[in-house]
Every structure is written in C-alpha cells, then in structure tokens.
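A.B. asks: Structure file input.txt (compact mmCIF, C-alpha atoms and all ligand atoms) right here:
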# COMPACT_ATOMS: atom_id res chain seq x y z
CA MET A 131 -70.97 -12.30 16.83
CA ILE A 132 -71.60 -16.04 17.26
CA LEU A 133 -67.86 -16.71 17.17
CA VAL A 134 -67.23 -14.01 19.79
CA LEU A 135 -69.89 -15.52 22.08
CA LEU A 136 -68.45 -19.00 21.50
CA GLY A 137 -64.99 -17.75 22.42
CA LEU A 138 -66.38 -16.25 25.62
CA GLY A 139 -68.10 -19.53 26.48
CA PHE A 140 -71.64 -18.05 26.30
CA PHE A 141 -73.10 -20.88 24.20
CA PRO A 142 -74.34 -24.14 25.70
CA ALA A 143 -72.18 -27.09 24.54
CA ALA A 144 -75.01 -28.66 22.50
CA LEU A 145 -75.51 -25.46 20.50
CA ALA A 146 -71.79 -25.03 19.90
CA ASP A 147 -71.66 -28.69 18.80
CA GLY A 148 -74.43 -28.00 16.26
CA LEU A 149 -72.35 -25.26 14.66
CA VAL A 150 -69.41 -27.58 14.01
CA TYR A 151 -71.21 -30.86 13.38
CA GLU A 152 -74.34 -31.83 11.47
CA THR A 153 -76.52 -34.71 12.67
CA ARG A 154 -78.36 -37.00 10.23
CA SER A 155 -81.05 -39.49 11.20
CA PHE A 156 -80.74 -41.39 7.90
CA HIS A 157 -77.11 -42.28 7.53
CA ASN A 158 -74.49 -44.86 6.60
CA PRO A 159 -74.86 -47.93 8.90
CA ASP A 160 -71.07 -47.85 9.45
CA GLY A 161 -71.26 -44.27 10.71
CA ILE A 162 -72.58 -42.45 13.77
CA GLY A 163 -74.85 -40.06 11.86
CA LYS A 164 -72.61 -37.10 12.66
CA VAL A 165 -71.01 -35.12 9.84
CA TYR A 166 -67.84 -33.02 10.10
CA MET A 167 -66.72 -30.85 7.17
CA GLY A 168 -68.79 -32.98 4.76
CA ARG A 169 -67.55 -36.35 6.09
CA GLU A 170 -69.62 -38.78 8.17
CA ILE A 171 -67.71 -40.01 11.22
CA ALA A 172 -67.23 -43.80 11.37
CA GLN A 173 -68.19 -46.01 14.30
CA VAL A 174 -65.41 -46.72 16.79
CA MET A 175 -63.76 -50.11 16.49
CA GLY A 176 -64.49 -51.72 19.86
CA TYR A 177 -61.91 -53.45 22.03
CA GLU A 178 -63.50 -56.75 20.91
CA GLY A 179 -61.54 -56.17 17.66
CA ALA A 180 -58.16 -56.26 19.46
CA GLY A 181 -57.33 -59.65 17.92
CA TRP A 182 -57.85 -58.23 14.43
CA LEU A 183 -55.38 -55.41 15.15
CA GLU A 184 -52.78 -58.02 16.16
CA ARG A 185 -53.47 -60.43 13.26
CA ASP A 186 -50.39 -62.24 11.91
CA ARG A 187 -50.84 -61.16 8.30
CA ARG A 188 -50.97 -57.45 9.20
CA ASP A 189 -47.21 -56.94 8.83
CA GLY A 190 -47.40 -58.06 5.19
CA GLU A 191 -50.60 -56.16 4.44
CA GLU A 192 -49.69 -52.80 5.98
CA GLN A 193 -45.87 -52.88 6.13
CA PRO A 194 -45.58 -50.99 9.45
CA GLN A 195 -41.78 -50.66 9.06
CA LYS A 196 -42.47 -48.20 6.19
CA VAL A 197 -44.78 -46.15 8.42
CA ILE A 198 -42.07 -46.01 11.09
CA ALA A 199 -39.41 -45.06 8.52
CA GLY A 200 -41.71 -42.25 7.39
CA LEU A 201 -41.70 -40.74 10.89
CA ASP A 202 -38.00 -39.73 10.62
CA LEU A 203 -37.53 -40.23 14.37
CA LYS A 204 -34.68 -39.19 16.64
CA SER A 205 -33.83 -41.41 19.63
CA THR A 206 -34.87 -38.62 22.02
CA ASP A 207 -38.30 -38.01 20.42
CA ILE A 208 -41.58 -38.04 22.34
CA VAL A 209 -44.14 -39.76 20.10
CA ALA A 210 -47.88 -39.72 20.81
CA ASP A 211 -49.67 -42.69 19.21
CA ILE A 212 -53.26 -41.40 19.26
CA GLY A 213 -55.89 -44.11 18.98
CA ALA A 214 -53.17 -46.62 19.84
CA GLY A 215 -55.51 -49.60 20.25
CA THR A 216 -53.41 -52.59 21.34
CA GLY A 217 -50.19 -50.66 20.68
CA TYR A 218 -49.37 -52.39 17.40
CA PHE A 219 -47.44 -49.24 16.41
CA SER A 220 -46.46 -48.01 19.90
CA PHE A 221 -44.44 -51.15 20.68
CA ARG A 222 -42.74 -51.13 17.26
CA ILE A 223 -41.80 -47.45 17.66
CA ALA A 224 -40.55 -47.71 21.29
CA PRO A 225 -37.08 -49.18 20.45
CA ARG A 226 -36.52 -46.32 17.94
CA VAL A 227 -36.95 -43.68 20.67
CA SER A 228 -34.77 -45.35 23.31
CA LYS A 229 -34.01 -42.01 25.00
CA GLY A 230 -37.56 -40.70 24.51
CA LYS A 231 -40.94 -42.35 24.90
CA VAL A 232 -44.22 -43.32 23.28
CA LEU A 233 -47.44 -41.98 24.78
CA ALA A 234 -50.04 -44.55 23.75
CA VAL A 235 -53.40 -42.75 23.93
CA ASP A 236 -56.80 -44.41 23.63
CA VAL A 237 -60.35 -43.69 24.81
CA GLN A 238 -61.28 -47.30 25.63
CA PRO A 239 -60.21 -48.36 29.15
CA GLU A 240 -60.09 -51.97 27.89
CA MET A 241 -57.45 -50.97 25.30
CA ILE A 242 -55.45 -49.24 28.06
CA GLU A 243 -55.52 -52.50 30.07
CA ILE A 244 -54.27 -54.43 27.02
CA LEU A 245 -51.50 -51.83 26.53
CA LYS A 246 -50.42 -52.21 30.18
CA THR A 247 -50.34 -56.02 29.93
CA LEU A 248 -48.32 -55.97 26.68
CA LYS A 249 -45.94 -53.33 28.04
CA THR A 250 -45.01 -55.67 30.91
CA LYS A 251 -44.82 -58.71 28.63
CA LYS A 252 -42.60 -56.96 26.08
CA HIS A 253 -40.42 -55.20 28.72
CA LEU A 254 -40.79 -51.86 26.94
CA SER A 255 -40.71 -49.34 29.79
CA ASN A 256 -40.76 -46.29 27.50
CA VAL A 257 -44.36 -46.93 26.40
CA GLN A 258 -46.77 -44.96 28.58
CA PRO A 259 -50.49 -45.80 28.19
CA VAL A 260 -52.72 -42.70 28.51
CA LEU A 261 -56.51 -42.72 28.80
CA GLY A 262 -57.83 -39.86 26.68
CA SER A 263 -61.36 -38.50 26.52
CA VAL A 264 -63.42 -38.20 23.34
CA THR A 265 -62.56 -34.48 23.19
CA ASP A 266 -59.02 -34.32 24.63
CA VAL A 267 -55.88 -36.46 24.36
CA ASN A 268 -54.90 -35.45 27.92
CA LEU A 269 -51.26 -34.69 27.11
CA ALA A 270 -49.16 -31.84 28.52
CA ALA A 271 -48.85 -28.67 26.43
CA GLU A 272 -45.85 -28.52 24.06
CA SER A 273 -44.59 -31.96 25.10
CA VAL A 274 -44.84 -34.02 21.87
CA ASP A 275 -42.52 -34.16 18.83
CA VAL A 276 -44.67 -36.41 16.63
CA ALA A 277 -48.38 -37.26 16.91
CA LEU A 278 -49.18 -40.40 14.91
CA MET A 279 -52.68 -41.60 14.05
CA VAL A 280 -52.96 -44.89 12.18
CA ASP A 281 -56.42 -45.90 10.97
CA ALA A 282 -57.98 -43.98 13.86
CA TYR A 283 -58.75 -40.32 13.05
CA HIS A 284 -61.80 -41.12 10.86
CA GLU A 285 -63.57 -42.56 13.92
CA PHE A 286 -62.93 -39.69 16.38
CA GLU A 287 -66.34 -38.53 17.61
CA TYR A 288 -65.08 -34.95 18.14
CA PRO A 289 -62.32 -34.52 15.53
CA LYS A 290 -62.14 -30.73 15.85
CA GLU A 291 -61.71 -30.83 19.65
CA VAL A 292 -59.26 -33.76 19.60
CA MET A 293 -57.12 -32.14 16.90
CA THR A 294 -57.12 -28.85 18.81
CA SER A 295 -55.86 -30.72 21.90
CA ILE A 296 -53.19 -32.45 19.78
CA VAL A 297 -51.99 -29.13 18.33
CA LYS A 298 -51.74 -27.79 21.89
CA ALA A 299 -49.72 -30.86 22.97
CA LEU A 300 -47.26 -30.55 20.07
CA LYS A 301 -43.97 -28.72 20.48
CA PRO A 302 -43.41 -25.81 18.06
CA SER A 303 -42.62 -27.40 14.63
CA GLY A 304 -43.97 -30.72 15.95
CA ARG A 305 -45.50 -32.99 13.33
CA VAL A 306 -48.81 -34.78 12.87
CA VAL A 307 -48.61 -37.98 10.81
CA LEU A 308 -51.89 -39.44 9.59
CA VAL A 309 -52.15 -42.89 8.06
CA GLU A 310 -55.54 -43.56 6.47
CA TYR A 311 -56.75 -45.99 3.78
CA ARG A 312 -56.90 -44.25 0.38
CA GLY A 313 -60.43 -42.93 -0.12
CA GLU A 314 -59.75 -42.08 -3.78
CA ASN A 315 -59.11 -45.71 -4.70
CA PRO A 316 -62.15 -48.01 -5.12
CA LEU A 317 -59.78 -50.99 -5.28
CA VAL A 318 -58.89 -50.48 -1.60
CA LEU A 319 -61.50 -52.87 -0.19
CA ILE A 320 -62.22 -51.10 3.10
CA LYS A 321 -65.64 -49.70 4.10
CA GLY A 322 -66.13 -46.16 2.75
CA LEU A 323 -66.23 -44.34 6.09
CA HIS A 324 -63.00 -46.08 7.16
CA LYS A 325 -61.09 -44.52 4.24
CA MET A 326 -60.18 -40.84 3.66
CA THR A 327 -59.16 -38.80 0.62
CA GLN A 328 -56.08 -36.58 0.74
CA LYS A 329 -58.24 -33.57 -0.06
CA GLN A 330 -60.49 -34.19 2.97
CA VAL A 331 -57.57 -34.82 5.34
CA GLN A 332 -55.85 -31.61 4.21
CA LYS A 333 -59.06 -29.60 4.66
CA GLU A 334 -59.57 -30.89 8.21
CA MET A 335 -55.94 -30.49 9.31
CA GLN A 336 -55.64 -27.00 7.86
CA SER A 337 -58.82 -25.96 9.73
CA VAL A 338 -56.98 -26.49 13.04
CA GLY A 339 -53.97 -24.47 11.89
CA LEU A 340 -51.65 -27.27 10.74
CA THR A 341 -49.46 -26.81 7.66
CA TYR A 342 -49.37 -29.60 5.06
CA LEU A 343 -45.82 -30.82 4.37
CA GLU A 344 -46.07 -33.93 2.19
CA THR A 345 -47.68 -37.28 1.40
CA ARG A 346 -45.54 -40.42 1.22
CA ASN A 347 -46.87 -43.05 -1.17
CA SER A 348 -44.74 -45.96 0.02
CA LEU A 349 -47.59 -47.92 1.68
CA PRO A 350 -49.63 -50.52 -0.22
CA GLN A 351 -53.11 -49.21 0.61
CA GLN A 352 -52.79 -46.16 2.84
CA HIS A 353 -51.78 -42.52 2.55
CA LEU A 354 -49.08 -41.35 4.95
CA MET A 355 -49.67 -37.61 5.28
CA ILE A 356 -47.41 -35.24 7.24
CA PHE A 357 -48.41 -31.88 8.74
CA GLU A 358 -46.55 -29.40 10.92
CA LYS A 359 -47.43 -27.04 13.75
CA GLN A 360 -46.29 -23.46 13.17
CA SER A 361 -43.21 -22.62 15.26
C1 LIG A 401 -59.03 -49.09 14.26
S1 LIG A 401 -58.27 -48.84 15.83
C2 LIG A 401 -56.57 -48.58 15.32
C3 LIG A 401 -55.60 -48.85 16.43
C4 LIG A 401 -54.11 -48.63 16.11
N1 LIG A 401 -53.83 -47.29 15.68
C5 LIG A 401 -53.64 -49.62 15.07
O1 LIG A 401 -53.42 -49.21 13.92
O2 LIG A 401 -53.49 -50.80 15.40
C6 LIG A 401 -58.78 -47.20 16.30
C7 LIG A 401 -58.56 -46.87 17.77
O3 LIG A 401 -58.86 -45.48 17.98
C8 LIG A 401 -59.43 -45.33 19.26
N2 LIG A 401 -60.15 -44.06 19.35
C9 LIG A 401 -61.37 -43.75 18.87
N3 LIG A 401 -61.69 -42.47 19.16
C10 LIG A 401 -60.63 -41.95 19.83
C11 LIG A 401 -60.33 -40.67 20.38
N4 LIG A 401 -61.20 -39.67 20.33
N5 LIG A 401 -59.14 -40.50 20.99
C12 LIG A 401 -58.25 -41.53 21.07
N6 LIG A 401 -58.47 -42.75 20.57
C13 LIG A 401 -59.64 -42.97 19.95
C14 LIG A 401 -60.31 -46.56 19.41
O4 LIG A 401 -60.62 -46.81 20.76
C15 LIG A 401 -59.45 -47.64 18.75
O5 LIG A 401 -58.64 -48.32 19.68
If you took the structure in this file and wrote it as structure tokens, what would it be?

C.D. replies:
Amino acid sequence: MILVLLGLGFFPAALADGLVYETRSFHNPDGIGKVYMGREIAQVMGYEGAGWLERDRRDGEEQPQKVIAGLDLKSTDIVADIGAGTGYFSFRIAPRVSKGKVLAVDVQPEMIEILKTLKTKKHLSNVQPVLGSVTDVNLAAESVDVALMVDAYHEFEYPKEVMTSIVKALKPSGRVVLVEYRGENPLVLIKGLHKMTQKQVQKEMQSVGLTYLETRNSLPQQHLMIFEKQS
C-alpha cells in the first residue's frame, strides 16, 4: 500500500525520505548522520579540496591510466563523469573519446567553474561541465554509454535518487563503473566512510536494477566495479 501511494506521489517528500534513509543523531564525525542500506553517507569533499584532487603524486598513487583502460572506451562514446570534481578523470578521458564527449557532472558550482577554466586552458572542447542537483544528474534520457564515479558515490546525499537518474540517462546496455577504496582492507589508510566493500556496492547497485558484470583488481587501493543497464 505504502509503495503504491509513493508511486502515485501521495507521500510528502520528508516521509518518503524516511522510508529509504535512516537518520542518526549520534554518528561518525566523517558522516552526515544519514544511513542508506546499512551504510552511513560520508561528508562531501568541499571545493576547498580541489588542490588535493590535483596533487602531483596522485598519478603514482591511483594509476588513473588503469581506470581508463578498464572503461573499454570507443572513440564515439559519451562518458558521464559523475562527481567529476576538478575533472582529473574527465580531462584524461576526453582524448580517448575524440568523436564523443565527456559530461563532467558535479553539484558544487565552484567545481563547475574550475572545470570551465581547465577546459579552456587544456583546449579540450569535448568536455562539457554539467551542474547536477543532489538528487538528479541532469542528463538527457538514454544519452550515456558509460557513467563513471571515482571516489564520489559514497558521499552522495541521495544515492537512491542519483542512481535512478543515472540509470535513466544510460543507453540500453550502458555501463556504470564505480571506483571506490577497498572497504574490506584495513591496510587501505582512508577514513572508513570514504571506503566501500564490494558486497555493499553490489547491494546498492542491484537495488536500482543494475546487473553486476565484474570487478577489476588492477588498481593499488581501489575496486573498479562494472555494472550494466538491462537492454
Ligand atoms: C572526492 S571528490 C572526487 C572527484 C573526482 N571524481 C576525482 O576523483 O578527482 C567527490 C566529488 O563528488 C561531488 N559530489 C558529491 N555529491 C554529488 C552528487 N550528488 N552528484 C554529483 N556530484 C557529487 C563533490 O562535489 C566532489 O567534487
């Protein structure tokens, strides 16, 4: 009955929110006190951390070329980099999709400004910055071949709504690629809420109708997990 009423839009947003998310007043200081499918959502990394995203040693630490190889891109592909930040991945992917484009989506207007500045500086016209909302990536239906999220999904305030909007934006058989620090490994020295286990990622992706394809273990500290939209 509740689900029928929800589908018909009879429930106020706050009540619907309470059915999907749990709120805790005593919680992890790195989190927002909101729990989704047993996982507390992490605080958003503010635009003040842009310099950290662009740090020199990042290439060695994260080996982004292996992430890009794992995307199996065609030159005509439309890639959505969701939670793009400064575009660390968007600008590395752009030359690989010379006949396609990269939609660099972020919710912070300051990050969008940084993306626009770097786009001009790097002369990469096929990167398109897109301001998303906390519930919607604001991309056209069935327009995206690959949706990539690197170190971002764990901090989405409304993961269910954002993932639903991503699934809608994917073409049939489009893929979601999630790169998250390995939550199973205590030797990965990243704050707990900024890591995810494979089991948790699979549970959350399957709940929005995505099919798990595979995990690539080529990265030093992160999982690269691939899911597919049903055709
Ligand atoms: C830790 S940064 C990672 C940035 C980039 N993916 C990278 O690896 O360099 C996470 C980014 O996700 C963005 N973000 C948080 N919630 C979001 C949402 N609901 N939709 C889109 N972006 C979001 C933040 O604004 C931030 O720029």

A.B. asks: At a cut-off of 7 Å and counting all atoms listed in the file, what residues surround ligand LIG 401 (chain A)? Please answer as a ChimeraX atom specification.

C.D. replies: /A:174-177,183,212-219,235-238,241,262-265,267,279-282,285-288,292

A.B. asks: Between A:Lys204, A:His324, A:Arg154, A:Arg187, which one has atoms that come closest to Gln173 in chain A, using only C-alpha atoms?

C.D. replies: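 Among the listed residues, A:His324 lies closest to Gln173 in chain A.
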
A.B. asks: Smallest atom-to-atom distance to Lys290 in chain A: which of A:Glu344, A:Asp266, A:Glu152, A:Glu243, using only C-alpha atoms?

C.D. replies: A:Asp266

A.B. asks: Contacts of Tyr151 in chain A at 6 Å or less, counting only C-alpha atoms, minus same-chain residues fewer than 2 places along, as a VMD selection string?

C.D. replies: chain A and resid 147 to 149 165 to 166

A.B. asks: Go through A:Pro289, A:Pro194, A:Gly163, A:Gly304 one by one, measure the shortest atom-to-atom distance of each to Ile356 in chain A using only C-alpha atoms, and give the residue with the smallest value.

C.D. replies: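 Of A:Pro289, A:Pro194, A:Gly163, A:Gly304, the one nearest Ile356 in chain A is A:Gly304, counting only C-alpha atoms.
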